[in-house]
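Trainee: Structure: structure.pdb, PDB, C-alpha atoms and all ligand atoms.
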```pdb
ATOM      1  CA  MET A   1      -3.043   0.209   0.569
ATOM      2  CA  ASP A   2       0.163   3.385  -0.035
ATOM      3  CA  SER A   3      -1.134   5.431  -0.088
ATOM      4  CA  GLY A   4      -2.482   4.877  -3.246
ATOM      5  CA  ARG A   5      -6.079   4.731  -2.618
ATOM      6  CA  LYS A   6      -7.232   7.366  -4.864
ATOM      7  CA  PHE A   7      -9.789   5.887  -7.117
ATOM      8  CA  TRP A   8     -12.127   8.811  -7.263
ATOM      9  CA  PHE A   9      -9.625  11.447  -8.155
ATOM     10  CA  GLN A  10     -10.045  12.102 -11.813
ATOM     11  CA  ALA A  11      -7.716  15.030 -12.290
ATOM     12  CA  GLY A  12      -4.418  14.080 -13.807
ATOM     13  CA  TRP A  13      -2.320  16.281 -11.607
ATOM     14  CA  LEU A  14      -3.807  14.681  -8.557
ATOM     15  CA  ALA A  15      -3.063  11.257  -9.881
ATOM     16  CA  VAL A  16       0.566  12.133 -10.432
ATOM     17  CA  GLY A  17       1.052  13.426  -6.904
ATOM     18  CA  LEU A  18      -1.049  10.878  -5.116
ATOM     19  CA  LEU A  19      -0.141   7.699  -6.788
ATOM     20  CA  SER A  20       3.322   7.983  -5.427
ATOM     21  CA  ALA A  21       1.840   7.246  -2.048
ATOM     22  CA  CYS A  22       0.902   3.654  -2.716
ATOM     23  CA  CYS A  23       1.942   2.604  -6.126
ATOM     24  CA  GLY A  24       4.570   1.011  -8.330
ATOM     25  CA  LEU A  25       5.498   0.362 -11.895
ATOM     26  CA  PRO A  26       3.642  -2.547 -13.409
ATOM     27  CA  THR A  27       6.651  -3.700 -15.361
ATOM     28  CA  GLU A  28       9.771  -4.588 -13.465
ATOM     29  CA  PRO A  29      13.195  -5.355 -14.840
ATOM     30  CA  LYS A  30      14.152  -9.005 -14.642
ATOM     31  CA  ALA A  31      17.514 -10.136 -13.315
ATOM     32  CA  LEU A  32      19.780 -11.572 -15.977
ATOM     33  CA  PRO A  33      21.083 -15.116 -15.507
ATOM     34  CA  GLY A  34      23.962 -15.169 -13.069
ATOM     35  CA  GLU A  35      23.070 -11.754 -11.753
ATOM     36  CA  VAL A  36      22.004 -11.333  -8.151
ATOM     37  CA  GLN A  37      18.351 -10.380  -8.013
ATOM     38  CA  ASP A  38      17.863  -7.274  -6.008
ATOM     39  CA  VAL A  39      15.935  -7.091  -2.759
ATOM     40  CA  TYR A  40      13.188  -4.921  -4.165
ATOM     41  CA  ASP A  41      12.425  -7.497  -6.854
ATOM     42  CA  SER A  42      12.913 -10.616  -4.788
ATOM     43  CA  LEU A  43      10.549  -9.468  -2.036
ATOM     44  CA  TRP A  44       7.842  -9.180  -4.637
ATOM     45  CA  THR A  45       8.561 -12.367  -6.588
ATOM     46  CA  ASN A  46       8.881 -14.433  -3.380
ATOM     47  CA  ASN A  47       5.378 -13.382  -2.386
ATOM     48  CA  LEU A  48       3.556 -13.346  -5.672
ATOM     49  CA  ASP A  49       1.402 -16.227  -4.413
ATOM     50  CA  VAL A  50      -0.232 -13.869  -1.904
ATOM     51  CA  ALA A  51      -0.837 -11.318  -4.647
ATOM     52  CA  GLU A  52      -2.574 -14.003  -6.749
ATOM     53  CA  GLN A  53      -4.716 -15.008  -3.755
ATOM     54  CA  THR A  54      -5.687 -11.382  -3.235
ATOM     55  CA  LEU A  55      -6.748 -11.011  -6.846
ATOM     56  CA  ALA A  56      -8.947 -14.097  -6.425
ATOM     57  CA  THR A  57     -10.892 -12.648  -3.460
ATOM     58  CA  PRO A  58     -14.648 -12.225  -4.048
ATOM     59  CA  PHE A  59     -14.359  -8.475  -3.485
ATOM     60  CA  LEU A  60     -11.964  -7.966  -6.393
ATOM     61  CA  GLN A  61     -13.602 -10.580  -8.593
ATOM     62  CA  HIS A  62     -16.978  -8.891  -8.218
ATOM     63  CA  MET A  63     -15.330  -5.541  -8.797
ATOM     64  CA  GLN A  64     -13.939  -6.895 -12.053
ATOM     65  CA  PHE A  65     -17.279  -8.368 -13.037
ATOM     66  CA  GLY A  66     -18.965  -5.080 -12.175
ATOM     67  CA  ASP A  67     -21.556  -6.474  -9.759
ATOM     68  CA  LEU A  68     -19.861  -5.573  -6.485
ATOM     69  CA  GLN A  69     -22.575  -4.106  -4.289
ATOM     70  CA  ALA A  70     -22.134  -0.377  -3.736
ATOM     71  CA  ASP A  71     -22.615  -0.770   0.026
ATOM     72  CA  ASP A  72     -19.684  -3.177   0.223
ATOM     73  CA  TYR A  73     -17.538  -0.736  -1.694
ATOM     74  CA  VAL A  74     -18.473   2.117   0.638
ATOM     75  CA  SER A  75     -17.526   0.041   3.691
ATOM     76  CA  PHE A  76     -14.217  -0.829   2.068
ATOM     77  CA  MET A  77     -13.514   2.831   1.335
ATOM     78  CA  ILE A  78     -14.291   3.916   4.882
ATOM     79  CA  GLN A  79     -11.810   1.344   6.176
ATOM     80  CA  ASP A  80      -9.301   2.530   3.627
ATOM     81  CA  ILE A  81      -9.636   6.120   4.830
ATOM     82  CA  ASN A  82      -8.925   4.864   8.331
ATOM     83  CA  TYR A  83      -5.859   3.059   7.019
ATOM     84  CA  LEU A  84      -4.599   6.160   5.296
ATOM     85  CA  LEU A  85      -5.038   8.418   8.323
ATOM     86  CA  ASN A  86      -3.532   5.898  10.692
ATOM     87  CA  VAL A  87      -0.453   5.170   8.572
ATOM     88  CA  THR A  88       0.041   8.906   7.999
ATOM     89  CA  ASP A  89       0.183   9.255  11.753
ATOM     90  CA  LEU A  90       2.762   6.486  12.088
ATOM     91  CA  LEU A  91       4.880   8.088   9.378
ATOM     92  CA  LYS A  92       4.748  11.350  11.261
ATOM     93  CA  GLU A  93       6.238   9.546  14.244
ATOM     94  CA  MET A  94       8.894   7.966  12.045
ATOM     95  CA  VAL A  95       9.919  11.413  10.785
ATOM     96  CA  GLN A  96      10.523  12.455  14.409
ATOM     97  CA  LYS A  97      12.340   9.257  15.195
ATOM     98  CA  VAL A  98      14.717   8.819  12.252
ATOM     99  CA  LYS A  99      17.451  11.453  12.370
ATOM    100  CA  SER A 100      20.029   9.558  10.330
ATOM    101  CA  PRO A 101      21.193   8.297   7.875
ATOM    102  CA  ASP A 102      20.135  11.011   5.457
ATOM    103  CA  ASP A 103      18.605   8.802   2.796
ATOM    104  CA  LEU A 104      16.411   6.949   5.286
ATOM    105  CA  LYS A 105      15.395  10.222   6.913
ATOM    106  CA  THR A 106      14.502  11.678   3.508
ATOM    107  CA  PHE A 107      12.538   8.546   2.671
ATOM    108  CA  MET A 108      10.387   8.919   5.798
ATOM    109  CA  GLU A 109       9.850  12.633   5.168
ATOM    110  CA  LYS A 110       8.801  12.078   1.587
ATOM    111  CA  ARG A 111       6.492   9.184   2.393
ATOM    112  CA  TYR A 112       4.950  11.231   5.180
ATOM    113  CA  GLN A 113       4.377  14.232   2.896
ATOM    114  CA  SER A 114       2.852  12.031   0.259
ATOM    115  CA  TYR A 115       0.500  10.267   2.689
ATOM    116  CA  LYS A 116      -0.408  13.522   4.388
ATOM    117  CA  GLN A 117      -1.210  15.234   1.120
ATOM    118  CA  PHE A 118      -3.390  12.337   0.084
ATOM    119  CA  ALA A 119      -5.093  12.089   3.484
ATOM    120  CA  ASP A 120      -5.925  15.813   3.419
ATOM    121  CA  LEU A 121      -7.337  15.474  -0.067
ATOM    122  CA  MET A 122      -9.436  12.509   0.983
ATOM    123  CA  LEU A 123     -10.910  14.444   3.915
ATOM    124  CA  THR A 124     -11.689  17.365   1.606
ATOM    125  CA  GLN A 125     -13.222  15.073  -0.970
ATOM    126  CA  PHE A 126     -15.648  13.598   1.554
ATOM    127  CA  ASN A 127     -16.302  16.862   3.401
ATOM    128  CA  LEU A 128     -14.962  15.391   6.605
ATOM    129  CA  ASN A 129     -13.951  17.772   9.357
ATOM    130  CA  SER A 130     -10.775  16.758  11.151
ATOM    131  CA  LEU A 131     -10.270  13.081  11.795
ATOM    132  CA  PRO A 132     -13.291  10.822  11.527
ATOM    133  CA  ASP A 133     -13.600   8.274  14.317
ATOM    134  CA  ILE A 134     -13.757   5.100  12.244
ATOM    135  CA  LYS A 135     -13.972   1.712  13.920
ATOM    136  CA  PRO A 136     -11.558  -0.658  12.183
ATOM    137  CA  ILE A 137     -12.766  -4.121  11.175
ATOM    138  CA  PRO A 138     -10.621  -6.882  12.765
ATOM    139  CA  ALA A 139      -8.529  -7.389   9.598
ATOM    140  CA  MET A 140      -7.718  -3.683   9.485
ATOM    141  CA  GLU A 141      -7.068  -3.498  13.207
ATOM    142  CA  LYS A 142      -4.492  -6.272  12.912
ATOM    143  CA  TYR A 143      -2.854  -4.668   9.884
ATOM    144  CA  LEU A 144      -2.459  -1.348  11.720
ATOM    145  CA  ALA A 145      -1.320  -3.035  14.925
ATOM    146  CA  ASP A 146       1.361  -4.845  12.895
ATOM    147  CA  TYR A 147       2.564  -1.533  11.454
ATOM    148  CA  LYS A 148       2.806  -0.101  14.938
ATOM    149  CA  ALA A 149       4.679  -3.125  16.268
ATOM    150  CA  ILE A 150       7.162  -2.892  13.390
ATOM    151  CA  MET A 151       7.636   0.790  14.095
ATOM    152  CA  GLU A 152       8.278   0.173  17.779
ATOM    153  CA  LYS A 153      10.301  -3.031  17.686
ATOM    154  CA  GLU A 154      12.238  -3.098  14.437
ATOM    155  CA  LYS A 155      14.938  -0.981  12.839
ATOM    156  CA  PRO A 156      13.489   1.868  10.720
ATOM    157  CA  ILE A 157      14.456   0.208   7.421
ATOM    158  CA  PHE A 158      11.914  -2.506   8.208
ATOM    159  CA  PHE A 159       9.188   0.092   8.489
ATOM    160  CA  ALA A 160      10.050   0.995   4.897
ATOM    161  CA  VAL A 161       9.709  -2.693   4.004
ATOM    162  CA  SER A 162       6.332  -2.819   5.740
ATOM    163  CA  LEU A 163       4.990   0.018   3.577
ATOM    164  CA  LEU A 164       5.968  -1.559   0.282
ATOM    165  CA  PRO A 165       3.333  -4.337  -0.060
ATOM    166  CA  CYS A 166       0.534  -1.789  -0.223
ATOM    167  CA  SER A 167       2.341   0.223  -2.871
ATOM    168  CA  ARG A 168       3.237  -2.634  -5.121
ATOM    169  CA  LEU A 169       0.146  -4.769  -4.641
ATOM    170  CA  TRP A 170      -2.430  -2.126  -5.509
ATOM    171  CA  ILE A 171      -0.698  -1.262  -8.764
ATOM    172  CA  TRP A 172      -0.380  -4.906  -9.670
ATOM    173  CA  LEU A 173      -4.036  -5.601  -8.835
ATOM    174  CA  ALA A 174      -5.237  -2.615 -10.832
ATOM    175  CA  ASN A 175      -3.235  -3.811 -13.821
ATOM    176  CA  GLN A 176      -4.577  -7.359 -13.537
ATOM    177  CA  LEU A 177      -8.244  -6.383 -13.378
ATOM    178  CA  LYS A 178      -9.927  -6.770 -16.737
ATOM    179  CA  GLU A 179     -12.330  -3.864 -16.830
ATOM    180  CA  THR A 180     -13.496  -1.380 -19.371
ATOM    181  CA  TYR A 181     -14.924   2.085 -18.974
ATOM    182  CA  GLY A 182     -18.472   0.751 -18.586
ATOM    183  CA  ASN A 183     -17.546  -0.902 -15.283
ATOM    184  CA  ALA A 184     -18.583   1.183 -12.261
ATOM    185  CA  TYR A 185     -15.188   0.448 -10.698
ATOM    186  CA  PHE A 186     -13.128   1.375 -13.724
ATOM    187  CA  VAL A 187     -11.932   4.525 -11.962
ATOM    188  CA  TRP A 188     -10.482   2.425  -9.147
ATOM    189  CA  LYS A 189      -8.489   0.481 -11.720
ATOM    190  CA  LYS A 190      -7.455   3.537 -13.694
ATOM    191  CA  ASN A 191      -6.309   5.538 -10.694
ATOM    192  CA  ASN A 192      -4.324   2.719  -9.131
ATOM    193  CA  MET A 193      -2.639   1.416 -12.260
ATOM    194  CA  HIS A 194       0.269   3.810 -12.410
ATOM    195  CA  GLY A 195       2.928   4.824  -9.965
ATOM    196  CA  ASN A 196       6.578   4.406  -9.270
ATOM    197  CA  PRO A 197       7.398   2.975  -5.829
ATOM    198  CA  GLU A 198      10.642   1.734  -7.294
ATOM    199  CA  LYS A 199      11.927   5.294  -7.282
ATOM    200  CA  HIS A 200      11.533   5.520  -3.506
ATOM    201  CA  TYR A 201      12.320   1.992  -2.392
ATOM    202  CA  ARG A 202      14.718   0.114  -4.647
ATOM    203  CA  ALA A 203      18.041   1.813  -3.859
ATOM    204  CA  LEU A 204      17.205   2.138  -0.172
ATOM    205  CA  LEU A 205      16.306  -1.524   0.327
ATOM    206  CA  ASN A 206      19.301  -2.737  -1.667
ATOM    207  CA  LYS A 207      21.620  -0.563   0.365
ATOM    208  CA  TYR A 208      20.437  -1.492   3.848
ATOM    209  CA  LEU A 209      19.284  -5.081   3.444
ATOM    210  CA  LYS A 210      22.428  -6.973   2.636
ATOM    211  CA  THR A 211      23.016  -9.617   5.293
ATOM    212  CA  PRO A 212      21.151 -12.955   5.240
ATOM    213  CA  ASP A 213      19.518 -12.113   8.582
ATOM    214  CA  LYS A 214      18.196  -8.790   7.348
ATOM    215  CA  LEU A 215      16.978 -10.298   4.093
ATOM    216  CA  LYS A 216      15.176 -13.002   5.985
ATOM    217  CA  ARG A 217      13.478 -10.531   8.321
ATOM    218  CA  ALA A 218      12.576  -8.263   5.402
ATOM    219  CA  ASN A 219      10.890 -11.152   3.654
ATOM    220  CA  GLN A 220       8.945 -12.099   6.793
ATOM    221  CA  ILE A 221       7.697  -8.553   7.245
ATOM    222  CA  PHE A 222       6.897  -8.097   3.572
ATOM    223  CA  ARG A 223       4.934 -11.358   3.518
ATOM    224  CA  GLN A 224       3.078 -10.508   6.712
ATOM    225  CA  GLN A 225       1.987  -7.158   5.252
ATOM    226  CA  MET A 226       1.000  -8.811   1.964
ATOM    227  CA  GLN A 227      -1.167 -11.178   3.978
ATOM    228  CA  ASN A 228      -2.649  -8.233   5.863
ATOM    229  CA  GLU A 229      -3.589  -6.694   2.512
ATOM    230  CA  LYS A 230      -5.125  -9.966   1.380
ATOM    231  CA  ASN A 231      -7.059 -10.280   4.644
ATOM    232  CA  PHE A 232      -8.434  -6.776   4.232
ATOM    233  CA  PHE A 233      -9.738  -7.573   0.727
ATOM    234  CA  SER A 234     -11.065 -10.950   1.947
ATOM    235  CA  ALA A 235     -12.921  -9.375   4.860
ATOM    236  CA  SER A 236     -14.403  -6.705   2.597
ATOM    237  CA  LEU A 237     -16.690  -9.237   0.949
ATOM    238  CA  GLN A 238     -17.278 -12.627   2.457
ATOM    239  CA  GLU A 239     -19.263 -15.153   0.489
TER     240      GLU A 239
HETATM  241  C1  LIG A 301      -4.324   3.275  14.534
HETATM  242  O1  LIG A 301      -4.868   1.969  14.571
HETATM  243  C2  LIG A 301      -4.605   1.250  15.751
HETATM  244  C3  LIG A 301      -5.160  -0.136  15.558
HETATM  245  O2  LIG A 301      -6.513  -0.089  15.194
HETATM  246  C4  LIG A 301      -5.191   1.984  16.940
HETATM  247  O3  LIG A 301      -4.884   1.298  18.129
HETATM  248  C5  LIG A 301      -4.666   3.412  16.990
HETATM  249  O4  LIG A 301      -5.315   4.114  18.001
HETATM  250  C6  LIG A 301      -4.894   4.103  15.660
HETATM  251  N1  LIG A 301      -4.275   5.409  15.690
HETATM  252  C7  LIG A 301      -4.906   6.493  15.288
HETATM  253  C8  LIG A 301      -4.116   7.752  15.383
HETATM  254  O5  LIG A 301      -6.038   6.481  14.861
END
```
Kindly present the structure from the file in C-alpha cells form.
Mentor:
Amino acid sequence: MDSGRKFWFQAGWLAVGLLSACCGLPTEPKALPGEVQDVYDSLWTNNLDVAEQTLATPFLQHMQFGDLQADDYVSFMIQDINYLLNVTDLLKEMVQKVKSPDDLKTFMEKRYQSYKQFADLMLTQFNLNSLPDIKPIPAMEKYLADYKAIMEKEKPIFFAVSLLPCSRLWIWLANQLKETYGNAYFVWKKNNMHGNPEKHYRALLNKYLKTPDKLKRANQIFRQQMQNEKNFFSASLQE
C-alpha cells in the first residue's frame, strides 16, 4: 500500500506526484532466453501467486463487482491512512539513519518526500488535524511491526525491498480489476493503475542484491510483505 493509496484524487497533477509513492508500471520487460533475470523482476514473478490470491479476496472481488459495502470501504481507507502515516514515519527515521552510499540515501529521501507529500494531502483531504489516533486492525498491526523489525534488524537495502510489494501490487491489482466508469470504485482503479516504481527500485536492487544470501533474504522479505498486503485485503472483508 506505497504510497499509492490515492483513489480519491482526481486531479491529474496530483496523480503524477502521488502515484510514485506506491506504484509501478503494469508492463514489465521480460528477460530474454539465456539472460539473467534481474532482481526487480524476479522478486515479482517469484511471488505472483500471492498477488493472484490477493486479487481473489472478497474485498477486491466485491469492489470489482461494484457491491462492496461503503462501510467496509471506509474502514479499509482509515486503516490505509494509518499505514501511510506510519510508513512515512519509518521513512523519516531511515533518512536519518542512512548516510551512505549516496544512491541509497537518495532513495530514502525521495521515498520519504513522496510519502510525506501524499500523507499531508490525505490529511488535508479528510480535514484531519495533525495525526489521527487510528487503532490498527491485527493484520495492519503485524504489517507495520514487520516494517519496523526490518528497519531495526536488517541492512537498509532490505527496507527498500520491504516497500516494493505495496508499490507493485497495487498497480497490478488496479490493472487486473475489470471495472468501468459506472462502478463506484472506478476511481480507486483509475488512480492506482499508473506509476513507475521501476524508476526508483530496479537499478538499486540490482546493484546491492547480488550474492545468493542477499537474494534469498530479499525474496523472503518481499514475500512476507506481499503476504501482509494480502492479509490486509483479506481482513478488510471477511465472508
Ligand atoms: C506504527 O505502527 C506500529 C504497529 O501498529 C505501532 O507500534 C507504532 O506506534 C506506530 N507508529 C506511529 C508513529 O504511529
Trainee: Rounded to one decimal place, report the atom CA of A:Lys105-atom CA of A:Pro156 distance in Å.
Mentor: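 The value is 9.4 Å.
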Trainee: Quick one: which residues end up in the PyMOL selection byres (((not hetatm)) within 12 of (chain A and resi 301)) for this structure, as a PyMOL selection string?
Mentor: chain A and resi 79-93+130-149
Trainee: Between atom CA of A:Asp41 and atom CA of A:Leu177, what is the distance in Å, rounded to a tenth?
Mentor: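 One can read the atom CA of A:Asp41 to atom CA of A:Leu177 distance as 21.7 Å.
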Trainee: Could you tell me how far atom CA of A:Asn196 sits from atom CA of A:Lys110, in Å to one decimal place?
Mentor: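 Computing the Euclidean distance for atom CA of A:Lys110 and atom CA of A:Asn196 yields 13.5 Å.
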Trainee: Which residues match the PyMOL selection byres (((chain A and resi 164) around 12) and not hetatm) in the file above, as a PyMOL selection string?
Mentor: chain A and resi 1-4+20-24+39-41+43-44+111+147+157-163+165-171+196-202+204-205+218-219+221-226+229
